[in-house]
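Dumped target.txt below, it's compact mmCIF, C-alpha atoms:
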# COMPACT_ATOMS: atom_id res chain seq x y z
CA MET A 184 0.00 0.00 0.00
CA SER A 185 1.41 3.37 -1.05
CA ILE A 186 1.88 6.22 1.42
CA PRO A 187 2.20 9.62 -0.31
CA THR A 188 5.01 11.87 0.86
CA GLU A 189 5.42 15.58 0.15
CA PRO A 190 7.71 18.42 1.26
CA ILE A 191 6.45 21.57 2.97
CA GLY A 192 8.29 24.22 0.99
CA SER A 193 11.42 26.16 1.87
CA ILE A 194 15.03 25.04 1.51
CA PRO A 195 17.96 27.13 2.82
CA ARG A 196 19.17 29.51 0.11
CA PRO A 197 22.75 29.48 -1.20
CA LEU A 198 24.92 31.87 0.80
CA ALA A 199 25.91 33.82 -2.33
CA LEU A 200 22.25 34.49 -3.06
CA ILE A 201 21.50 35.57 0.51
CA GLU A 202 24.45 37.97 0.53
CA ARG A 203 23.58 39.45 -2.87
CA VAL A 204 19.91 40.01 -2.02
CA ALA A 205 20.86 41.59 1.32
CA GLN A 206 22.68 44.31 -0.55
CA GLY A 207 19.56 45.56 -2.29
CA HIS A 208 16.60 43.70 -0.74
CA SER A 209 15.26 43.08 -4.21
CA GLU A 210 12.11 40.96 -4.26
CA ASP A 211 11.83 40.72 -8.01
CA ALA A 212 14.66 39.28 -10.07
CA ASN A 213 13.26 41.13 -13.07
CA GLU A 214 14.04 44.38 -11.27
CA ASP A 215 17.69 43.38 -10.86
CA PRO A 216 19.17 41.71 -13.95
CA ASP A 217 22.36 40.87 -12.05
CA LEU A 218 20.32 38.87 -9.53
CA ALA A 219 18.31 36.82 -12.02
CA PRO A 220 21.05 34.24 -12.76
CA LEU A 221 21.58 33.61 -9.03
CA PHE A 222 17.87 32.96 -8.54
CA GLU A 223 17.76 30.70 -11.59
CA ASP A 224 20.77 28.69 -10.44
CA ALA A 225 19.33 28.33 -6.94
CA VAL A 226 16.01 26.99 -8.25
CA ARG A 227 17.68 24.59 -10.69
CA ASP A 228 20.07 23.24 -8.05
CA THR A 229 17.27 22.91 -5.51
CA ILE A 230 15.08 20.86 -7.81
CA GLU A 231 17.99 18.67 -8.96
CA ARG A 232 18.87 17.90 -5.35
CA PHE A 233 15.22 17.38 -4.45
CA GLU A 234 14.81 14.83 -7.24
CA ALA A 235 18.06 13.12 -6.24
CA THR A 236 16.47 12.27 -2.88
CA GLY A 237 13.78 10.28 -4.69
CA SER A 238 11.08 12.71 -3.56
CA PRO A 239 7.99 12.05 -5.73
CA VAL A 240 6.88 15.69 -5.27
CA VAL A 241 9.17 18.72 -5.17
CA THR A 242 9.08 22.48 -4.59
CA ASP A 243 11.35 25.29 -5.73
CA GLY A 244 12.51 25.58 -2.12
CA GLU A 245 11.05 29.09 -2.03
CA GLN A 246 14.37 30.35 -3.39
CA ARG A 247 12.67 33.38 -4.92
CA LYS A 248 10.50 34.23 -1.91
CA TYR A 249 12.30 37.20 -0.45
CA LEU A 250 12.30 38.00 2.28
CA GLY A 251 10.27 35.00 3.41
CA PHE A 252 7.18 32.82 3.18
CA ALA A 253 4.76 35.39 4.64
CA THR A 254 5.73 38.56 2.79
CA TYR A 255 6.62 37.55 -0.78
CA CYS A 256 3.30 38.80 -2.16
CA VAL A 257 3.31 42.20 -0.42
CA HIS A 258 6.99 43.10 -0.10
CA GLY A 259 7.59 46.48 -1.71
CA LEU A 260 3.97 47.66 -1.69
CA PRO A 261 3.96 51.48 -1.45
CA ASN A 262 0.99 51.52 0.97
CA THR A 263 2.75 49.61 3.75
CA ALA A 264 5.05 50.41 6.65
CA PRO A 265 7.60 48.07 8.29
CA ASP A 266 6.23 48.36 11.85
CA GLY A 267 3.55 45.68 11.63
CA PHE A 268 2.66 42.63 13.70
CA THR A 269 5.59 41.13 15.64
CA ILE A 270 6.17 37.37 15.73
CA PRO A 271 8.07 36.47 18.93
CA PHE A 272 10.20 33.31 19.03
CA ALA A 273 11.11 31.27 22.10
CA ASP A 274 14.79 32.22 21.98
CA GLY A 275 13.94 35.92 22.14
CA HIS A 276 14.32 37.00 18.52
CA THR A 277 11.40 38.38 16.52
CA ARG A 278 10.16 38.76 12.96
CA ARG A 279 7.79 41.48 11.76
CA LEU A 280 5.08 41.74 9.18
CA SER A 281 4.40 44.97 7.34
CA ARG A 282 1.48 47.25 8.27
CA LEU A 283 -1.08 48.43 5.76
CA THR A 284 -1.30 52.24 5.74
CA SER A 285 -4.00 52.82 3.13
CA GLY A 286 -6.24 50.99 0.71
CA PRO A 287 -6.79 49.22 -1.49
CA PHE A 288 -5.02 45.97 -0.65
CA LYS A 289 -3.52 44.11 -3.60
CA TYR A 290 -0.76 41.56 -4.02
CA ARG A 291 2.35 42.80 -5.75
CA ARG A 292 3.10 39.31 -7.04
CA TYR A 293 1.43 35.88 -7.08
CA ALA A 294 3.12 32.56 -6.29
CA ASP A 295 2.39 31.06 -9.70
CA ARG A 296 5.38 32.99 -11.02
CA TYR A 297 7.57 30.73 -8.87
CA LEU A 298 5.72 27.68 -10.14
CA ASP A 299 6.47 28.70 -13.74
CA VAL A 300 10.21 28.55 -13.13
CA ALA A 301 10.14 25.34 -11.07
CA GLN A 302 8.17 23.48 -13.72
CA ARG A 303 10.83 24.27 -16.31
CA TYR A 304 13.33 22.14 -14.39
CA ALA A 305 11.21 19.54 -12.59
CA HIS A 306 10.59 16.02 -13.90
CA VAL A 307 8.08 15.19 -11.15
CA PRO A 308 5.00 17.05 -9.84
CA VAL A 309 5.61 20.45 -8.24
CA LYS A 310 3.81 21.67 -5.14
CA GLN A 311 3.26 25.37 -4.46
CA ALA A 312 2.94 26.94 -1.00
CA VAL A 313 1.06 30.21 -0.50
CA VAL A 314 0.66 32.45 2.53
CA SER A 315 -2.65 32.20 4.38
CA PRO A 316 -5.23 35.00 4.33
CA SER A 317 -5.23 34.86 8.13
CA ALA A 318 -1.53 35.76 8.30
CA LEU A 319 -2.03 38.64 5.90
CA SER A 320 -5.09 39.82 7.86
CA LEU A 321 -2.65 40.85 10.58
CA MET A 322 -1.44 43.63 8.29
CA TYR A 323 -4.56 45.68 8.95
CA PRO A 324 -3.91 47.87 12.02
CA ALA A 325 -6.01 47.99 15.18
CA GLU A 326 -7.26 51.46 14.29
CA THR A 327 -9.44 51.87 11.20
CA ILE A 328 -7.73 53.10 8.06
CA PRO A 329 -9.49 56.24 6.79
CA ASP A 330 -11.72 55.52 3.77
CA TYR A 331 -10.79 51.85 3.84
CA SER A 332 -12.70 49.70 6.31
CA ARG A 333 -11.57 46.34 7.60
CA GLU A 334 -14.53 44.80 5.77
CA GLN A 335 -13.28 46.22 2.46
CA PHE A 336 -9.80 44.97 3.27
CA ILE A 337 -11.04 41.43 3.99
CA GLU A 338 -12.95 41.32 0.71
CA ASP A 339 -9.87 42.46 -1.21
CA LEU A 340 -7.71 39.98 0.70
CA LEU A 341 -9.99 37.04 -0.08
CA ARG A 342 -10.12 38.00 -3.75
CA GLU A 343 -6.32 38.14 -3.99
CA HIS A 344 -5.89 34.84 -2.13
CA GLU A 345 -8.42 33.12 -4.39
CA THR A 346 -6.75 34.55 -7.47
CA GLU A 347 -3.36 33.25 -6.37
CA ILE A 348 -4.60 29.72 -5.70
CA ARG A 349 -6.55 29.56 -8.96
CA ARG A 350 -3.52 30.67 -10.95
CA CYS A 351 -1.44 27.91 -9.33
CA LEU A 352 -4.10 25.24 -9.87
CA LYS A 353 -4.59 26.29 -13.49
CA LYS A 354 -0.86 25.95 -14.14
CA GLY A 355 -0.87 22.38 -12.85
CA ALA A 356 0.42 22.60 -9.30
CA HIS A 357 0.31 19.14 -7.74
CA LYS A 358 -1.07 20.74 -4.56
CA VAL A 359 -1.47 24.27 -3.33
CA GLN A 360 -0.53 24.44 0.33
CA VAL A 361 -1.86 27.26 2.52
CA ASP A 362 0.77 28.02 5.18
CA PHE A 363 -1.19 28.44 8.42
CA THR A 364 1.75 28.54 10.82
CA GLU A 365 0.04 31.26 12.84
CA GLY A 366 -2.72 28.89 13.97
CA ARG A 367 -0.95 27.65 17.07
CA LEU A 368 0.47 31.12 17.71
CA ALA A 369 -3.07 32.53 17.73
CA VAL A 370 -3.87 30.38 20.76
CA LYS A 371 -0.78 31.66 22.54
CA ILE A 372 -1.65 35.28 21.80
CA ASP A 373 -5.32 34.88 22.68
CA PRO A 374 -6.04 31.86 24.94
CA SER A 375 -9.77 32.62 24.71
CA GLY A 376 -9.73 31.14 21.22
CA HIS A 377 -11.38 34.16 19.63
CA LEU A 378 -8.41 34.96 17.38
CA LEU A 379 -8.04 31.33 16.27
CA ASN A 380 -11.75 31.11 15.48
CA SER A 381 -11.56 34.28 13.42
CA PHE A 382 -8.64 32.79 11.48
CA ILE A 383 -10.54 29.54 10.85
CA ASP A 384 -13.60 31.46 9.67
CA LEU A 385 -11.49 33.57 7.32
CA ILE A 386 -9.74 30.60 5.73
CA ASN A 387 -13.07 28.80 5.32
CA LEU A 388 -14.48 31.85 3.55
CA ALA A 389 -11.61 31.50 1.11
CA LEU A 390 -11.97 27.73 0.73
CA ALA A 391 -15.71 28.11 0.10
CA ARG A 392 -14.83 29.79 -3.19
CA PHE A 393 -13.50 26.49 -4.54
CA SER A 394 -15.30 23.33 -5.64
CA PRO A 395 -14.93 20.03 -3.75
CA GLU A 396 -12.74 18.77 -6.60
CA GLU A 397 -10.47 21.81 -6.32
CA ARG A 398 -10.25 21.51 -2.54
CA ARG A 399 -8.84 18.00 -2.95
CA ARG A 400 -5.76 19.72 -4.40
CA ILE A 401 -5.62 22.31 -1.62
CA GLY A 402 -3.96 21.67 1.75
CA VAL A 403 -3.31 23.50 4.99
CA HIS A 404 0.00 23.37 6.82
CA THR A 405 0.41 23.99 10.54
CA CYS A 406 3.52 23.98 12.72
CA PRO A 407 4.89 25.82 15.79
CA GLY A 408 7.22 27.88 13.60
CA ASN A 409 10.82 27.30 12.58
CA ASP A 410 13.41 30.05 12.53
CA LEU A 411 17.02 29.96 13.73
CA HIS A 412 16.30 26.57 15.36
CA SER A 413 13.56 28.16 17.49
CA THR A 414 9.76 28.02 17.48
CA HIS A 415 7.06 30.53 18.35
CA SER A 416 4.36 28.27 19.80
CA ALA A 417 5.63 24.75 20.56
CA ASP A 418 4.45 25.21 24.15
CA VAL A 419 0.81 25.41 23.03
CA ASP A 420 -1.07 22.13 23.46
CA TYR A 421 -2.27 20.75 20.13
CA ALA A 422 -5.59 20.10 21.85
CA GLU A 423 -6.15 23.87 21.60
CA LEU A 424 -5.67 23.90 17.82
CA LEU A 425 -6.39 20.58 16.11
CA PRO A 426 -10.15 20.33 16.76
CA SER A 427 -10.61 23.71 15.07
CA LEU A 428 -8.08 22.94 12.34
CA PHE A 429 -10.11 20.01 11.05
CA GLU A 430 -13.12 22.30 10.63
CA LEU A 431 -11.32 23.77 7.64
CA LYS A 432 -12.82 22.63 4.34
CA ALA A 433 -9.52 21.52 2.85
CA GLY A 434 -8.67 18.10 1.49
CA ASN A 435 -5.17 17.83 2.93
CA PHE A 436 -3.50 18.69 6.22
CA TYR A 437 0.24 18.90 6.85
CA ILE A 438 0.80 18.66 10.60
CA ALA A 439 4.13 19.01 12.40
CA LEU A 440 4.62 15.97 14.64
CA ALA A 441 8.27 14.90 14.64
CA GLY A 442 9.28 17.66 17.05
CA GLU A 443 6.39 17.08 19.46
CA ARG A 444 7.22 15.95 22.99
CA ASP A 445 4.18 13.65 22.97
CA ARG A 446 3.28 12.54 19.46
CA ARG A 447 0.69 10.02 20.59
CA HIS A 448 -1.20 12.77 22.40
CA ALA A 449 -1.47 14.69 19.12
CA LEU A 450 -2.30 11.55 17.13
CA LYS A 451 -5.20 10.74 19.44
CA ILE A 452 -6.62 14.20 18.79
CA ILE A 453 -6.15 13.76 15.04
CA ARG A 454 -7.95 10.40 15.18
CA LYS A 455 -10.89 11.99 16.98
CA TYR A 456 -11.36 15.10 14.85
CA ARG A 457 -10.21 14.34 11.30
CA LYS A 458 -12.98 14.02 8.71
CA PRO A 459 -13.39 11.01 6.38
CA ASP A 460 -12.44 13.06 3.31
CA GLN A 461 -9.29 14.62 4.81
CA ARG A 462 -5.81 13.22 4.25
CA VAL A 463 -3.31 13.88 7.04
CA PHE A 464 0.37 14.24 6.19
CA VAL A 465 2.22 13.78 9.48
CA GLY A 466 5.59 15.41 10.05
CA VAL A 467 8.31 12.76 10.33
CA THR A 468 11.40 14.99 10.19
CA ALA A 469 12.03 18.05 12.37
CA PRO A 470 13.79 20.94 10.58
CA VAL A 471 14.16 22.76 13.91
CA ASP A 472 16.38 19.89 15.16
CA PRO A 473 19.95 19.68 13.75
CA HIS A 474 19.87 15.88 14.18
CA ILE A 475 19.40 14.09 10.85
CA GLU A 476 16.81 11.38 11.27
CA SER A 477 17.61 7.89 10.02
CA PRO A 478 15.21 6.14 7.62
CA GLU A 479 14.47 3.73 10.46
CA GLU A 480 13.45 6.56 12.78
CA VAL A 481 11.15 7.89 10.10
CA ARG A 482 9.73 4.39 9.51
CA ASP A 483 8.88 4.04 13.19
CA ARG A 484 7.13 7.43 13.24
CA VAL A 485 5.04 6.44 10.22
CA LEU A 486 4.11 3.12 11.81
CA GLU A 487 3.15 4.96 14.99
CA ALA A 488 0.90 7.31 13.03
CA SER A 489 -0.70 4.37 11.20
CA GLU A 490 -2.09 3.17 14.52
CA TYR A 491 -4.29 6.27 14.61
CA ILE A 492 -4.83 7.27 10.97
CA PRO A 493 -6.23 4.88 8.32
CA MET A 494 -3.74 4.11 5.57
CA GLU A 495 -5.96 5.62 2.90
CA GLN A 496 -5.85 8.94 4.80
CA LEU A 497 -2.17 8.90 5.79
CA GLY A 498 0.76 10.73 4.24
CA THR A 499 4.16 11.97 5.42
CA THR A 500 5.90 15.33 5.28
CA ASP A 501 8.49 17.46 7.05
CA ASP A 502 7.37 19.35 10.13
CA CYS A 503 8.02 22.72 8.56
CA GLY A 504 9.95 24.44 5.84
CA PHE A 505 13.71 24.36 6.40
CA SER A 506 14.16 28.11 6.00
CA PRO A 507 10.82 29.96 5.98
CA PHE A 508 12.69 33.26 6.44
CA SER A 509 15.23 33.65 3.68
CA ASP A 510 18.21 34.81 5.74
CA ASP A 511 18.09 31.84 8.13
CA THR A 512 21.30 29.86 7.65
CA SER A 513 21.02 27.80 10.85
CA THR A 514 20.31 24.71 8.73
CA SER A 515 22.53 23.89 5.76
CA ARG A 516 21.24 22.80 2.37
CA ASP A 517 23.04 19.47 2.84
CA THR A 518 21.23 18.84 6.13
CA ALA A 519 17.86 19.74 4.63
CA PHE A 520 18.22 17.31 1.75
CA ALA A 521 19.58 14.58 4.03
CA LYS A 522 16.44 14.89 6.14
CA ILE A 523 14.24 14.86 3.04
CA GLN A 524 15.95 11.71 1.79
CA ALA A 525 15.40 10.09 5.20
CA ARG A 526 11.69 10.97 4.92
CA VAL A 527 11.43 9.39 1.48
CA LEU A 528 13.34 6.23 2.41
CA GLY A 529 11.65 5.88 5.80
CA THR A 530 8.21 6.19 4.25
CA LYS A 531 9.07 3.39 1.82
CA LEU A 532 10.30 1.21 4.71
CA ALA A 533 6.97 1.77 6.47
CA GLU A 534 5.09 0.85 3.30
CA GLN A 535 7.01 -2.42 3.12
CA ARG A 536 6.42 -3.21 6.78
CA ILE A 537 2.71 -2.46 6.58
CA GLY A 538 2.39 -4.30 3.28
CA GLY A 539 4.00 -7.37 4.79
CA HIS A 540 1.42 -7.39 7.57
CA LEU A 541 -1.58 -7.12 5.27
Can you present the structure in this file as structure tokens?
Amino acid sequence: MSIPTEPIGSIPRPLALIERVAQGHSEDANEDPDLAPLFEDAVRDTIERFEATGSPVVTDGEQRKYLGFATYCVHGLPNTAPDGFTIPFADGHTRRLSRLTSGPFKYRRYADRYLDVAQRYAHVPVKQAVVSPSALSLMYPAETIPDYSREQFIEDLLREHETEIRRCLKKGAHKVQVDFTEGRLAVKIDPSGHLLNSFIDLINLALARFSPEERRRIGVHTCPGNDLHSTHSADVDYAELLPSLFELKAGNFYIALAGERDRRHALKIIRKYRKPDQRVFVGVTAPVDPHIESPEEVRDRVLEASEYIPMEQLGTTDDCGFSPFSDDTSTSRDTAFAKIQARVLGTKLAEQRIGGHL
């Protein structure tokens, strides 16, 4: 019996690319002809190394997403300021989103442009990750923007998010993954659950714009964050998130598990709340941990998950992207691909073990 396995998204960028982009903070290679070859080489090398691991699905490693997974579509907008929502990490460092200063809200770029380049080099299906509307909703400030209400902003946001996903689906993305890494963080910020519920409602408003067939190619990713080997919400009990997560009308869920202190606790919650039409890709490698898992470790994590999730609804993935913020060099490219190869090989070992018991 086959167990599908997919990556999450980001791969650490080559150091030469990081250093060159830092000089000008260019988001668009077309705006900097000298940068274009570095981006192209990074994408080509990423996909070649991805395919060398045996991964049946690849990404472009988010090589062109500068400065990170949450801001690629809005970086450089003239109606934003840099002093937006702050994301605090456990080790004390922070990341910031931009703040919207006036309307209307519109993406500066859509993720299908990254898909175009990746598909030129890939020989296997390509997956495309996109930022969630809930993360971008944090750009609207607490005070009302004159002549641009929050309601107008949300309508514009949903339209842009839908447009991005449709462009990716139309171009043949294997899956479109909505990065909902702020789900667990929402519980930490607001233990009442109000913020999380508002996020769930917003994402469902977006998903409602797609047919059931389209939603089978759409997934939602959740994790406690990964930046500089630190997380932003690993201390939040999954029991506060997962029941709400499975209310999302998506066909696929990518759930960080390898780094959990008590995986069986999370798996019991997944077993209770997952819906019959939802496939769960469990994290079997932990990018936040420098240790490179062995295929046997991965195999055992898959077998553990199979005790709680039916085989026809089970898949494997990495807990998180390996470098969601582009300047994070705490994990090397070699380590990232070693972990990915362990995921691929370990998933196959689990298939063989389970198949032998059928």
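Closest approach to Gly366 in chain A among A:Pro426, A:Pro395, A:Pro261, A:Pro220 is made by A:Pro426 (distances from only C-alpha atoms).
Note that the spacing between CA of Pro287 in chain A and CA of Lys248 in chain A amounts to 22.9 Å.
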Kindly compute an axis-aligned box around the listed atoms of range 249-255 of chain A, allowing 4 Å on each side, and express its centre and edge lengths in Å to one decimal as AutoDock Vina command-line options.
--center_x 8.5 --center_y 35.7 --center_z 1.9 --size_x 15.5 --size_y 13.7 --size_z 13.4
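If all atoms listed in the file are the atoms counted, then among A:Asp362, A:Asp295, A:Glu490, A:Glu345 the closest residue to Ala318 in chain A is A:Asp362.
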* With a distance cut-off of 8 Å and all atoms listed in the file, select the neighbouring residues of range 226-232 of chain A, excluding the residue or stretch itself and same-chain residues fewer than 5 positions from it, and output the selection as a PyMOL selection string. => chain A and resi 194+241-244+246-247+300-301+304-305+520
* Within 8 Å of range 466-480 of chain A using all atoms listed in the file, minus same-chain residues under 5 positions, as a VMD selection string -> chain A and resid 409 to 414 437 to 442 485 499 to 505 514 518 to 519 521 to 523 525 to 530 532
What would the file look like if the residues just selected were written as a PDB file, keeping the file's coordinate frame with C-alpha atoms?
ATOM      1  CA  ASN A 409      10.820  27.300  12.580  1.00  0.00           C
ATOM      2  CA  ASP A 410      13.410  30.050  12.530  1.00  0.00           C
ATOM      3  CA  LEU A 411      17.020  29.960  13.730  1.00  0.00           C
ATOM      4  CA  HIS A 412      16.300  26.570  15.360  1.00  0.00           C
ATOM      5  CA  SER A 413      13.560  28.160  17.490  1.00  0.00           C
ATOM      6  CA  THR A 414       9.760  28.020  17.480  1.00  0.00           C
ATOM      7  CA  TYR A 437       0.240  18.900   6.850  1.00  0.00           C
ATOM      8  CA  ILE A 438       0.800  18.660  10.600  1.00  0.00           C
ATOM      9  CA  ALA A 439       4.130  19.010  12.400  1.00  0.00           C
ATOM     10  CA  LEU A 440       4.620  15.970  14.640  1.00  0.00           C
ATOM     11  CA  ALA A 441       8.270  14.900  14.640  1.00  0.00           C
ATOM     12  CA  GLY A 442       9.280  17.660  17.050  1.00  0.00           C
ATOM     13  CA  VAL A 485       5.040   6.440  10.220  1.00  0.00           C
ATOM     14  CA  THR A 499       4.160  11.970   5.420  1.00  0.00           C
ATOM     15  CA  THR A 500       5.900  15.330   5.280  1.00  0.00           C
ATOM     16  CA  ASP A 501       8.490  17.460   7.050  1.00  0.00           C
ATOM     17  CA  ASP A 502       7.370  19.350  10.130  1.00  0.00           C
ATOM     18  CA  CYS A 503       8.020  22.720   8.560  1.00  0.00           C
ATOM     19  CA  GLY A 504       9.950  24.440   5.840  1.00  0.00           C
ATOM     20  CA  PHE A 505      13.710  24.360   6.400  1.00  0.00           C
ATOM     21  CA  THR A 514      20.310  24.710   8.730  1.00  0.00           C
ATOM     22  CA  THR A 518      21.230  18.840   6.130  1.00  0.00           C
ATOM     23  CA  ALA A 519      17.860  19.740   4.630  1.00  0.00           C
ATOM     24  CA  ALA A 521      19.580  14.580   4.030  1.00  0.00           C
ATOM     25  CA  LYS A 522      16.440  14.890   6.140  1.00  0.00           C
ATOM     26  CA  ILE A 523      14.240  14.860   3.040  1.00  0.00           C
ATOM     27  CA  ALA A 525      15.400  10.090   5.200  1.00  0.00           C
ATOM     28  CA  ARG A 526      11.690  10.970   4.920  1.00  0.00           C
ATOM     29  CA  VAL A 527      11.430   9.390   1.480  1.00  0.00           C
ATOM     30  CA  LEU A 528      13.340   6.230   2.410  1.00  0.00           C
ATOM     31  CA  GLY A 529      11.650   5.880   5.800  1.00  0.00           C
ATOM     32  CA  THR A 530       8.210   6.190   4.250  1.00  0.00           C
ATOM     33  CA  LEU A 532      10.300   1.210   4.710  1.00  0.00           C
TER      34      LEU A 532
END
* To do: Show me as JSON, numbers by chain the residues that reach within 12 Å of (-7.2, 31.0, 22.9), counting all atoms listed in the file and using the file's own coordinates.
  => {"A": [366, 367, 368, 369, 370, 371, 372, 373, 374, 375, 376, 377, 378, 379, 380, 381, 382, 419, 420, 421, 422, 423, 424, 427]}
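Shortest atom-to-atom contact with Asp274 in chain A among A:His404, A:Ala417, A:Lys310, A:Asp483: A:Ala417, counting only C-alpha atoms.
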What's the 8 Å shell around Met322 in chain A, counting only C-alpha atoms, without same-chain residues fewer than 2 positions away, as a PDB file with C-alpha atoms, keeping the file's coordinate frame?
ATOM      1  CA  GLY A 267       3.550  45.680  11.630  1.00  0.00           C
ATOM      2  CA  PHE A 268       2.660  42.630  13.700  1.00  0.00           C
ATOM      3  CA  LEU A 280       5.080  41.740   9.180  1.00  0.00           C
ATOM      4  CA  SER A 281       4.400  44.970   7.340  1.00  0.00           C
ATOM      5  CA  ARG A 282       1.480  47.250   8.270  1.00  0.00           C
ATOM      6  CA  LEU A 283      -1.080  48.430   5.760  1.00  0.00           C
ATOM      7  CA  ALA A 318      -1.530  35.760   8.300  1.00  0.00           C
ATOM      8  CA  LEU A 319      -2.030  38.640   5.900  1.00  0.00           C
ATOM      9  CA  SER A 320      -5.090  39.820   7.860  1.00  0.00           C
ATOM     10  CA  PRO A 324      -3.910  47.870  12.020  1.00  0.00           C
TER      11      PRO A 324
END
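With all atoms listed in the file as the atoms that count, the minimum distance from Asn262 in chain A to the choices A:Ser285, A:Thr277, A:Thr512, A:Ser489 is reached by A:Ser285.
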